[in-house]
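**Student:** This is the content of coords-v5.cif (mmCIF, C-alpha atoms):
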data_input
loop_
_atom_site.label_atom_id
_atom_site.label_comp_id
_atom_site.auth_asym_id
_atom_site.auth_seq_id
_atom_site.Cartn_x
_atom_site.Cartn_y
_atom_site.Cartn_z
CA MET A 1 -4.98 19.99 -30.37
CA THR A 2 -1.74 18.37 -29.15
CA VAL A 3 -1.84 14.59 -28.62
CA VAL A 4 0.12 13.26 -25.64
CA ILE A 5 0.63 9.72 -24.38
CA ALA A 6 1.82 10.01 -20.76
CA VAL A 7 3.28 6.76 -19.42
CA LEU A 8 5.40 5.81 -16.45
CA HIS A 9 7.75 3.59 -18.49
CA ALA A 10 8.60 3.85 -22.18
CA GLU A 11 7.60 0.23 -22.93
CA ASP A 12 4.07 1.02 -21.70
CA VAL A 13 3.30 2.63 -25.08
CA ALA A 14 3.91 -0.75 -26.73
CA LEU A 15 2.04 -2.62 -24.04
CA GLU A 16 -1.15 -0.51 -23.90
CA PHE A 17 -1.28 2.29 -26.51
CA VAL A 18 -0.45 0.86 -29.96
CA SER A 19 -4.02 1.58 -31.10
CA VAL A 20 -3.50 5.25 -30.25
CA LEU A 21 -0.55 5.33 -32.67
CA ARG A 22 -2.92 4.02 -35.36
CA ARG A 23 -5.69 6.46 -34.42
CA HIS A 24 -3.36 9.43 -34.79
CA ALA A 25 -1.18 8.15 -37.64
CA ASP A 26 -1.38 11.56 -39.35
CA ARG A 27 -0.48 13.63 -36.29
CA ASP A 28 2.65 14.11 -34.22
CA ILE A 29 2.36 12.45 -30.81
CA ARG A 30 4.33 13.54 -27.80
CA VAL A 31 5.23 10.68 -25.44
CA VAL A 32 5.96 11.72 -21.87
CA VAL A 33 7.89 9.15 -19.79
CA GLY A 34 7.40 9.84 -16.10
CA GLN A 35 10.13 7.58 -14.73
CA SER A 36 12.90 9.40 -16.58
CA ALA A 37 11.19 12.82 -16.66
CA SER A 38 11.72 12.90 -20.43
CA TRP A 39 9.66 13.17 -23.59
CA VAL A 40 10.00 12.42 -27.27
CA THR A 41 7.94 13.33 -30.33
CA LEU A 42 6.74 10.53 -32.61
CA PRO A 43 6.35 12.21 -36.01
CA ALA A 44 3.28 11.77 -38.18
CA GLY A 45 3.62 9.56 -41.21
CA LEU A 46 5.76 6.86 -39.60
CA SER A 47 4.42 3.34 -39.15
CA PRO A 48 3.60 2.17 -35.60
CA GLY A 49 6.75 0.03 -35.59
CA GLU A 50 8.92 2.99 -36.65
CA ARG A 51 7.36 5.17 -34.00
CA LEU A 52 7.97 2.59 -31.28
CA GLU A 53 11.62 2.33 -32.29
CA LEU A 54 12.06 5.98 -31.28
CA LEU A 55 11.14 4.95 -27.73
CA ALA A 56 13.66 2.11 -27.49
CA PRO A 57 16.47 4.27 -26.00
CA LEU A 58 14.14 5.28 -23.15
CA VAL A 59 13.40 1.70 -22.00
CA GLU A 60 15.01 1.17 -18.59
CA PRO A 61 14.43 -2.13 -16.74
CA GLY A 62 15.49 -0.46 -13.46
CA GLY A 63 14.45 2.77 -11.79
CA ASN A 64 11.54 1.19 -9.96
CA THR A 65 11.94 3.30 -6.83
CA ALA A 66 12.66 6.64 -8.49
CA PRO A 67 10.52 9.50 -7.14
CA LEU A 68 7.39 10.05 -9.18
CA PRO A 69 6.75 13.47 -10.71
CA VAL A 70 4.31 15.88 -9.07
CA PRO A 71 1.39 17.51 -10.94
CA GLU A 72 3.30 20.76 -11.51
CA GLU A 73 6.07 18.88 -13.33
CA VAL A 74 3.62 16.92 -15.43
CA ALA A 75 1.72 20.08 -16.34
CA GLY A 76 4.87 21.48 -17.89
CA TRP A 77 5.25 18.40 -20.10
CA LEU A 78 1.62 18.30 -21.24
CA GLY A 79 1.39 21.78 -22.67
CA GLY A 80 -1.95 23.16 -21.44
CA SER A 81 -5.64 22.31 -21.39
CA ARG A 82 -5.95 22.05 -25.19
CA THR A 83 -4.24 18.69 -25.10
CA GLU A 84 -5.67 15.23 -25.72
CA VAL A 85 -4.00 13.02 -23.14
CA TRP A 86 -3.83 9.24 -22.88
CA THR A 87 -2.42 7.71 -19.71
CA HIS A 88 -2.60 4.93 -17.13
CA SER A 89 -5.72 4.14 -15.14
CA PRO A 90 -5.68 5.59 -11.62
CA ALA A 91 -7.11 2.19 -10.63
CA ASP A 92 -4.25 0.15 -12.14
CA HIS A 93 -3.20 -2.57 -9.70
CA ARG A 94 0.43 -1.59 -10.37
CA ILE A 95 0.36 1.20 -7.83
CA ARG A 96 3.10 3.40 -9.31
CA ARG A 97 1.33 3.45 -12.66
CA ALA A 98 -1.94 4.20 -10.87
CA ARG A 99 -0.35 7.08 -9.00
CA PHE A 100 1.15 8.46 -12.23
CA GLY A 101 -2.25 8.32 -13.97
CA TRP A 102 -3.81 10.05 -10.97
CA THR A 103 -1.09 12.72 -11.08
CA VAL A 104 -1.77 13.33 -14.77
CA SER A 105 -5.48 13.75 -14.01
CA ARG A 106 -4.66 16.59 -11.59
CA ALA A 107 -1.96 18.29 -13.66
CA VAL A 108 -4.02 20.74 -15.73
CA PRO A 109 -7.57 21.90 -14.83
CA GLY A 110 -10.06 21.02 -17.54
CA LEU A 111 -7.72 18.52 -19.20
CA THR A 112 -9.31 15.89 -21.45
CA VAL A 113 -7.88 12.55 -20.29
CA THR A 114 -8.51 9.03 -21.59
CA TYR A 115 -7.25 6.17 -19.46
CA SER A 116 -6.06 2.71 -20.41
CA VAL A 117 -7.94 0.11 -18.38
CA GLY A 118 -4.56 -1.44 -17.59
CA ASP A 119 -4.04 -4.26 -15.11
CA ASN A 120 -6.29 -4.97 -12.14
CA PRO A 121 -7.52 -8.46 -11.20
CA PHE A 122 -9.73 -7.06 -8.42
CA LEU A 123 -11.54 -4.22 -10.19
CA GLN A 124 -13.22 -4.23 -13.60
CA THR A 125 -13.37 -0.80 -15.21
CA VAL A 126 -16.12 -0.49 -17.79
CA PRO A 127 -14.40 0.60 -21.03
CA GLY A 128 -15.76 3.34 -23.22
CA GLU A 129 -14.11 1.63 -26.17
CA ALA A 130 -12.23 -1.60 -26.84
CA ILE A 131 -9.97 -1.62 -29.88
CA ALA A 132 -8.81 -4.91 -31.36
CA LEU A 133 -5.32 -4.85 -32.84
CA THR A 134 -4.57 -6.43 -36.19
CA GLY A 135 -2.26 -9.40 -36.35
CA ALA A 136 0.47 -7.13 -37.72
CA GLU A 137 0.02 -4.67 -34.81
CA ALA A 138 0.19 -7.53 -32.30
CA ASP A 139 3.43 -8.69 -33.94
CA ILE A 140 4.85 -5.16 -33.64
CA LYS A 141 3.99 -5.10 -29.93
CA ILE A 142 5.56 -8.52 -29.30
CA ASP A 143 8.67 -7.73 -31.33
CA PHE A 144 9.30 -4.48 -29.47
CA ILE A 145 9.08 -6.14 -26.06
CA ASN A 146 11.29 -9.08 -27.07
CA ARG A 147 14.02 -6.86 -28.55
CA HIS A 148 13.98 -3.88 -26.20
CA ALA A 149 12.33 -4.96 -22.95
CA GLY A 150 13.18 -8.66 -22.79
CA GLU A 151 14.57 -8.31 -19.26
CA LEU A 152 11.09 -7.41 -18.09
CA LEU A 153 9.81 -10.85 -19.10
CA ARG A 154 11.68 -12.19 -16.07
CA SER A 155 11.63 -9.14 -13.82
CA ARG A 156 11.52 -9.82 -10.10
CA VAL A 157 9.61 -6.57 -9.59
CA ALA A 158 5.94 -7.52 -9.77
CA ASP A 159 4.82 -4.19 -11.22
CA ARG A 160 7.36 -4.35 -14.05
CA LEU A 161 7.00 -8.04 -14.92
CA VAL A 162 5.61 -8.45 -18.44
CA THR A 163 3.14 -11.33 -18.47
CA THR A 164 0.89 -12.49 -21.29
CA ASP A 165 -2.20 -10.72 -19.93
CA ARG A 166 -0.23 -7.45 -19.76
CA VAL A 167 0.30 -7.55 -23.53
CA PRO A 168 -3.33 -7.22 -24.64
CA VAL A 169 -4.46 -7.71 -28.23
CA VAL A 170 -7.57 -5.68 -27.36
CA GLU A 171 -6.71 -2.31 -25.87
CA ARG A 172 -9.45 -0.87 -23.67
CA PHE A 173 -9.94 2.74 -22.64
CA PHE A 174 -12.33 4.84 -20.57
CA ALA A 175 -12.90 8.51 -19.87
CA ALA A 176 -13.25 9.95 -16.37
CA ASP A 177 -13.29 13.42 -14.89
CA ALA A 178 -10.84 14.48 -12.17
CA THR A 179 -13.27 13.64 -9.36
CA GLN A 180 -13.84 10.12 -10.68
CA ALA A 181 -10.11 9.63 -11.18
CA ASN A 182 -9.59 10.69 -7.57
CA ARG A 183 -12.12 8.15 -6.33
CA LEU A 184 -10.64 5.35 -8.42
CA TYR A 185 -7.16 6.07 -7.10
CA ALA A 186 -8.37 6.20 -3.50
CA LEU A 187 -10.12 2.87 -3.97
CA ILE A 188 -7.02 1.12 -5.32
CA SER A 189 -4.90 2.70 -2.55
CA SER A 190 -7.10 1.21 0.16
CA LEU A 191 -4.20 -0.19 2.21
CA GLY A 192 -2.19 3.05 2.14
CA ASP A 193 -2.47 6.63 3.30
CA ASP A 194 -3.64 7.75 -0.15
CA ALA A 195 -6.98 6.04 0.47
CA ALA A 196 -8.01 9.30 2.14
CA VAL A 197 -7.54 11.47 -0.97
CA ALA A 198 -11.27 11.04 -1.69
CA ASP A 199 -14.21 11.23 0.66
CA ASP A 200 -15.68 7.83 1.48
CA PRO A 201 -13.48 5.80 -0.92
CA TRP A 202 -15.24 2.52 -0.11
CA GLU A 203 -18.67 4.15 -0.54
CA PHE A 204 -19.86 3.19 2.94
CA GLY A 205 -22.26 6.13 2.83
CA ARG A 206 -23.54 5.48 -0.72
CA SER A 207 -23.77 1.72 -1.07
CA ALA A 208 -26.92 -0.17 -0.08
CA TYR A 209 -24.75 -3.26 0.46
CA GLU A 210 -22.41 -1.41 2.82
CA ALA A 211 -25.35 0.14 4.66
CA ALA A 212 -26.80 -3.33 5.27
CA ARG A 213 -23.41 -4.62 6.43
CA LEU A 214 -22.96 -1.72 8.83
CA ASP A 215 -26.53 -2.06 10.16
CA ALA A 216 -25.91 -5.76 10.78
CA THR A 217 -22.63 -4.94 12.52
CA ALA A 218 -24.28 -2.37 14.78
CA ALA A 219 -27.02 -4.85 15.70
CA TRP A 220 -24.36 -7.48 16.44
CA VAL A 221 -22.54 -5.07 18.77
CA ALA A 222 -25.83 -4.35 20.54
CA ARG A 223 -26.34 -8.07 21.26
CA TRP A 224 -22.98 -8.25 23.03
CA CYS A 225 -22.71 -4.84 24.70
CA ALA A 226 -25.35 -2.60 26.22
CA PRO A 227 -24.76 1.16 26.23
CA ASP A 228 -24.48 1.18 30.03
CA ASP A 229 -21.82 -1.58 30.07
CA GLY A 230 -19.14 1.07 29.63
CA PRO A 231 -17.20 2.69 26.78
CA ILE A 232 -16.46 0.90 23.52
CA VAL A 233 -13.25 1.45 21.57
CA GLU A 234 -13.65 1.34 17.78
CA VAL A 235 -10.20 0.84 16.26
CA GLY A 236 -9.74 2.21 12.74
CA ALA A 237 -13.07 4.05 12.63
CA CYS A 238 -12.36 5.58 9.21
CA GLU A 239 -14.93 8.32 8.53
CA GLY A 240 -17.38 7.12 11.15
CA GLU A 241 -20.25 5.32 9.42
CA LEU A 242 -20.37 2.63 12.13
CA THR A 243 -19.44 5.15 14.83
CA ARG A 244 -22.49 7.27 14.05
CA ARG A 245 -24.79 4.27 14.18
CA LEU A 246 -23.48 3.27 17.59
CA ALA A 247 -23.53 6.84 18.93
CA GLY A 248 -27.13 7.13 17.82
CA ASN A 249 -27.90 4.04 19.90
CA GLY A 250 -26.52 5.67 23.05
CA TYR A 251 -23.01 4.19 23.29
CA THR A 252 -20.04 6.00 24.78
CA LEU A 253 -17.34 5.61 22.15
CA GLN A 254 -13.62 6.09 21.76
CA ALA A 255 -13.08 6.08 18.00
CA THR A 256 -9.46 5.81 16.91
CA GLU A 257 -8.18 6.55 13.40
CA PRO A 258 -4.45 6.92 12.55
CA ASN A 259 -5.03 8.33 9.05
CA ALA A 260 -5.12 12.12 9.43
CA GLY A 261 -7.44 12.66 6.46
CA PHE A 262 -10.02 10.15 7.64
CA ARG A 263 -9.69 11.36 11.22
CA ALA A 264 -10.47 14.97 10.29
CA ARG A 265 -13.63 13.90 8.45
CA LEU A 266 -14.57 11.57 11.30
CA ALA A 267 -14.37 14.42 13.82
CA GLU A 268 -16.31 16.78 11.55
CA ARG A 269 -19.08 14.29 10.85
CA LEU A 270 -19.47 13.30 14.47
CA GLY A 271 -19.90 16.95 15.34
CA ALA A 272 -22.72 17.72 12.93
CA GLY A 273 -23.53 14.82 10.63
CA PRO A 274 -26.63 12.64 10.47
CA GLY A 275 -26.70 9.59 12.67
CA SER A 276 -25.55 11.59 15.71
CA GLY A 277 -28.70 10.68 17.55
CA PRO A 278 -31.32 12.89 19.14
CA GLY A 279 -30.10 15.88 21.05
CA ALA A 280 -26.76 16.17 19.26
CA ALA A 281 -25.20 19.51 19.89
CA GLY A 282 -23.93 19.71 16.34
CA ARG A 283 -20.41 20.87 17.20
CA ALA A 284 -17.05 19.28 17.92
CA GLY A 285 -14.49 20.54 20.40
CA VAL A 286 -10.79 19.67 20.71
CA ARG A 287 -9.47 19.02 24.16
CA GLY A 288 -6.64 21.25 25.22
CA GLY A 289 -6.61 23.03 21.87
CA ALA A 290 -4.93 20.10 20.14
CA ASP A 291 -5.06 19.77 16.37
CA PRO A 292 -7.44 16.91 15.48
CA GLY A 293 -5.52 16.26 12.28
CA ALA A 294 -2.10 16.03 13.89
CA ALA A 295 -0.54 12.70 14.77
CA GLY A 296 0.78 12.34 18.27
CA PRO A 297 1.08 10.08 21.29
CA VAL A 298 -1.86 8.41 22.92
CA GLY A 299 -4.27 11.02 24.21
CA ALA A 300 -3.03 13.76 21.88
CA GLY A 301 -5.37 15.32 19.36
CA VAL A 302 -8.47 13.91 21.08
CA VAL A 303 -11.68 15.32 19.66
CA THR A 304 -14.85 15.24 21.73
CA ALA A 305 -18.14 15.37 19.85
CA GLU A 306 -20.27 17.22 22.39
CA ARG A 307 -23.77 15.83 22.85
CA SER A 308 -26.54 15.93 25.36
CA GLY A 309 -26.15 12.16 25.53
CA PRO A 310 -23.12 9.86 25.44
CA GLU A 311 -19.67 11.17 24.61
CA VAL A 312 -17.70 10.27 21.51
CA GLU A 313 -13.94 10.80 21.41
CA VAL A 314 -11.71 10.68 18.36
CA SER A 315 -7.99 9.99 18.66
CA PRO A 316 -5.07 9.08 16.36
CA ASP A 317 -4.21 5.89 18.25
CA SER A 318 -3.27 2.83 16.21
CA LEU A 319 -3.76 -0.72 17.40
CA GLU A 320 -0.09 -0.74 18.36
CA ASP A 321 -0.55 2.45 20.43
CA LEU A 322 -3.58 1.07 22.22
CA ALA A 323 -1.79 -2.17 23.11
CA ALA A 324 1.40 -0.43 24.21
CA HIS A 325 -0.19 2.18 26.48
CA ARG A 326 -3.25 0.26 27.74
CA SER A 327 -4.82 3.64 28.53
CA ARG A 328 -8.32 2.97 27.20
CA PRO A 329 -10.08 0.27 29.24
CA ALA A 330 -13.38 -0.64 27.61
CA ALA A 331 -16.33 -3.01 27.73
CA ALA A 332 -15.31 -4.11 24.25
CA TYR A 333 -12.87 -3.34 21.46
CA LEU A 334 -14.22 -3.33 17.92
CA LEU A 335 -11.80 -4.41 15.17
CA ILE A 336 -14.18 -4.03 12.27
CA GLU A 337 -12.67 -4.58 8.79
CA MET A 338 -9.28 -3.25 9.91
CA LEU A 339 -7.00 -6.28 10.36
CA TYR A 340 -5.79 -6.09 6.75
CA TYR A 341 -2.45 -4.45 7.50
CA ASP A 342 -0.42 -7.42 8.80
CA GLN A 343 -0.79 -6.31 12.39
CA ASP A 344 0.69 -8.62 15.02
CA LEU A 345 -2.37 -10.37 16.44
CA ALA A 346 -0.53 -10.94 19.73
CA LEU A 347 -1.23 -7.23 20.37
CA LEU A 348 -4.79 -8.19 21.17
CA ASP A 349 -3.62 -9.79 24.43
CA ALA A 350 -2.52 -6.36 25.70
CA LEU A 351 -5.78 -4.53 25.00
CA PRO A 352 -7.48 -3.54 28.29
CA THR A 353 -10.72 -5.40 27.69
CA ASP A 354 -12.20 -8.86 28.11
CA ARG A 355 -14.18 -8.75 24.87
CA ILE A 356 -13.13 -8.15 21.27
CA LEU A 357 -15.41 -8.14 18.24
CA ILE A 358 -13.59 -8.82 14.95
CA ALA A 359 -15.14 -8.52 11.50
CA LEU A 360 -13.20 -9.55 8.38
CA GLU A 361 -13.70 -11.28 5.07
CA SER A 362 -13.47 -15.06 5.33
CA GLY A 363 -10.14 -15.38 3.51
CA GLN A 364 -8.34 -13.21 6.05
CA LEU A 365 -10.03 -15.01 8.92
CA ASN A 366 -8.99 -18.40 7.55
CA ASP A 367 -5.44 -17.39 6.63
CA ARG A 368 -4.50 -15.26 9.63
CA VAL A 369 -6.95 -15.16 12.50
CA TRP A 370 -7.91 -18.81 12.89
CA PRO A 371 -4.30 -20.11 12.84
CA TRP A 372 -3.41 -17.54 15.51
CA LEU A 373 -6.42 -18.48 17.64
CA ARG A 374 -5.42 -22.15 17.54
CA ARG A 375 -1.92 -21.31 18.79
CA GLN A 376 -2.94 -19.12 21.75
CA SER A 377 -4.79 -19.66 25.01
CA THR A 378 -5.76 -16.14 26.07
CA TRP A 379 -8.97 -15.89 24.05
CA ARG A 380 -11.87 -18.17 23.31
CA VAL A 381 -14.37 -17.81 20.49
CA ALA A 382 -17.79 -17.00 21.93
CA GLU A 383 -19.58 -16.52 18.60
CA ARG A 384 -19.03 -16.62 14.87
CA LEU A 385 -21.53 -15.42 12.29
CA GLU A 386 -21.93 -13.96 8.82
CA LEU A 387 -22.61 -10.22 8.80
CA ALA A 388 -22.74 -9.80 5.03
CA PRO A 389 -22.39 -12.27 2.14
CA PRO A 390 -20.08 -11.62 -0.81
CA THR A 391 -21.54 -9.71 -3.71
CA LEU A 392 -20.63 -7.96 -6.95
CA GLU A 393 -21.22 -4.21 -6.82
CA SER A 394 -20.74 -1.23 -9.09
CA VAL A 395 -18.59 1.62 -7.76
CA CYS A 396 -17.68 5.15 -8.84
CA ASP A 397 -21.09 5.84 -10.36
CA GLY A 398 -20.98 2.70 -12.50
CA LEU A 399 -17.50 3.38 -13.86
CA ALA A 400 -16.26 0.08 -12.42
CA TYR A 401 -17.37 -2.92 -10.44
CA LEU A 402 -15.77 -5.34 -8.03
CA ARG A 403 -16.38 -8.28 -5.77
CA LYS A 404 -17.14 -7.31 -2.21
CA ARG A 405 -15.75 -10.18 -0.21
CA GLY A 406 -18.35 -10.18 2.54
CA SER A 407 -17.88 -9.89 6.27
CA ARG A 408 -17.81 -12.49 9.01
CA GLY A 409 -17.81 -11.73 12.72
CA LEU A 410 -15.99 -13.32 15.64
CA VAL A 411 -16.56 -12.52 19.30
CA LEU A 412 -13.53 -13.22 21.47
CA THR A 413 -13.69 -13.30 25.25
CA ARG A 414 -10.77 -13.83 27.57
CA SER A 415 -10.50 -17.42 28.69
CA GLY A 416 -12.23 -17.87 32.02
CA GLU A 417 -14.53 -14.89 31.44
CA ALA A 418 -18.26 -15.32 30.94
CA GLY A 419 -19.50 -14.60 27.40
#
Output the file's structure as structure tokens, nothing else.

**Tutor:**
Amino acid sequence: MTVVIAVLHAEDVALEFVSVLRRHADRDIRVVVGQSASWVTLPAGLSPGERLELLAPLVEPGGNTAPLPVPEEVAGWLGGSRTEVWTHSPADHRIRRARFGWTVSRAVPGLTVTYSVGDNPFLQTVPGEAIALTGAEADIKIDFINRHAGELLRSRVADRLVTTDRVPVVERFFAADATQANRLYALISSLGDDAAVADDPWEFGRSAYEAARLDATAAWVARWCAPDDGPIVEVGACEGELTRRLAGNGYTLQATEPNAGFRARLAERLGAGPGSGPGAAGRAGVRGGADPGAAGPVGAGVVTAERSGPEVEVSPDSLEDLAAHRSRPAAAYLLIEMLYYDQDLALLDALPTDRILIALESGQLNDRVWPWLRRQSTWRVAERLELAPPTLESVCDGLAYLRKRGSRGLVLTRSGEAG
């Protein structure tokens, strides 16, 4: 079986895979370097230091925005399914390394892949093995970085900066199948479009904690808006876990979701999924024949989940669209766990409603929302409450765990309006 170490940058072998050089001291190892689309063979019988020296010409402090290879390219470098591959974690906080590890996981069906735990202060991956380096191996690692990658010790590119914790003396690895790798990558990509590469990346439909948070949120909405008060706009509805709860309680909803992948699942699940409420017709229609997965202007690609009861619409509108066009007047706008994208909070003034319900973790509320509220006079705070406390929770079937930061709710009403 061929042994391959697939890394984004050549110095990553020294940073994370020195123990693999020891493990396979008697076998040739092919090192694939994604950034430069190159590879080199490290012959058997050489010491780890001698093997690393063969990688020195491939160390490039720049190239941080070069296009990443696609799975078909990587497949050609790996050499088939009978290959033992070591690569970056698809949950590495350094997103380009995460994406490269994810690409490797998809390159060859049935590939055996072992991932370095890598760098992530927000997610702990449970290692299958942790290998302590000897003092001599640690010295080899340090010497290589100092002589060949010294510029990276002061890099201004956060993902390339070599810090002490990124030069581990204990190298940790885990195994995952392609589905698990997909879920890990979606989870770490939560603020980008790639979050939708896996169904339910935040495990809203699988987590008891998330179910309790969503139930509390639905009950909170019910205290402030009755179903007959008028339509509710849920901005950033994702795949519809809250939407389905509210629809089941009789609300007329306009659920907006700019991400095409999430929006397609949202429309599908509203048409036939559980939580639709009694009398659901179990089908979804698209107004005017529009494509529910296609982005477009306000009103385009609107999906109506047909029911015997209240109507639910799905559209691609973003918060910016809704504020610009003011075409969706509502009893309330729900901004539930979606103000993480540096949106301009002044947009809220333009929303055609007198009531906004915001849910966020306390850090975001303290850093962004409260300072904005103190500077403006359009909205007053009618209520604040805790919807869910922080907790530690396992994800990806126990492959990792993280701190869920909790959720706090704010009800805003326009100044001069009754709460």

**Student:** Within 8 Å of Asn259 (chain A), counting all atoms listed in the file, which residues show up once you throw out same-chain ones fewer than 4 positions away? Write them as a compact mmCIF listing (two decimals) with C-alpha atoms, keeping the file's coordinate frame, please.

**Tutor:**
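Written output follows (selection17.txt):
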# COMPACT_ATOMS: atom_id res chain seq x y z
CA ASP A 193 -2.47 6.63 3.30
CA ALA A 196 -8.01 9.30 2.14
CA CYS A 238 -12.36 5.58 9.21
CA ARG A 263 -9.69 11.36 11.22
CA PRO A 316 -5.07 9.08 16.36

**Student:** Of the candidates A:Leu68, A:Leu319, A:Ala130, A:Ala237, which shows the shortest atom-to-atom distance to Phe174 (chain A), using only C-alpha atoms?

**Tutor:**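 Distance minimum relative to Phe174 (chain A) lands on A:Ala130.
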
**Student:** For Asp228 (chain A), find every residue with an atom within 10 Å (counting all atoms listed in the file), except residues of its own chain fewer than 3 positions away, and show them as a VMD selection string.

**Tutor:** chain A and resid 225 231 250 to 252 310 331

**Student:** Taking the file as I've supplied it (selection: the PyMOL selection byres ((chain A and resi 187) around 12)), which residues are included? Please answer as a ChimeraX atom specification.

**Tutor:** /A:90-93,95,98-99,102,120,122-123,180-186,188-204,395-396,400-402

**Student:** Do you know which residues the PyMOL selection byres ((chain A and resi 81) around 12) returns on this file, as a ChimeraX atom specification?

**Tutor:** /A:1-4,75-80,82-85,104-113
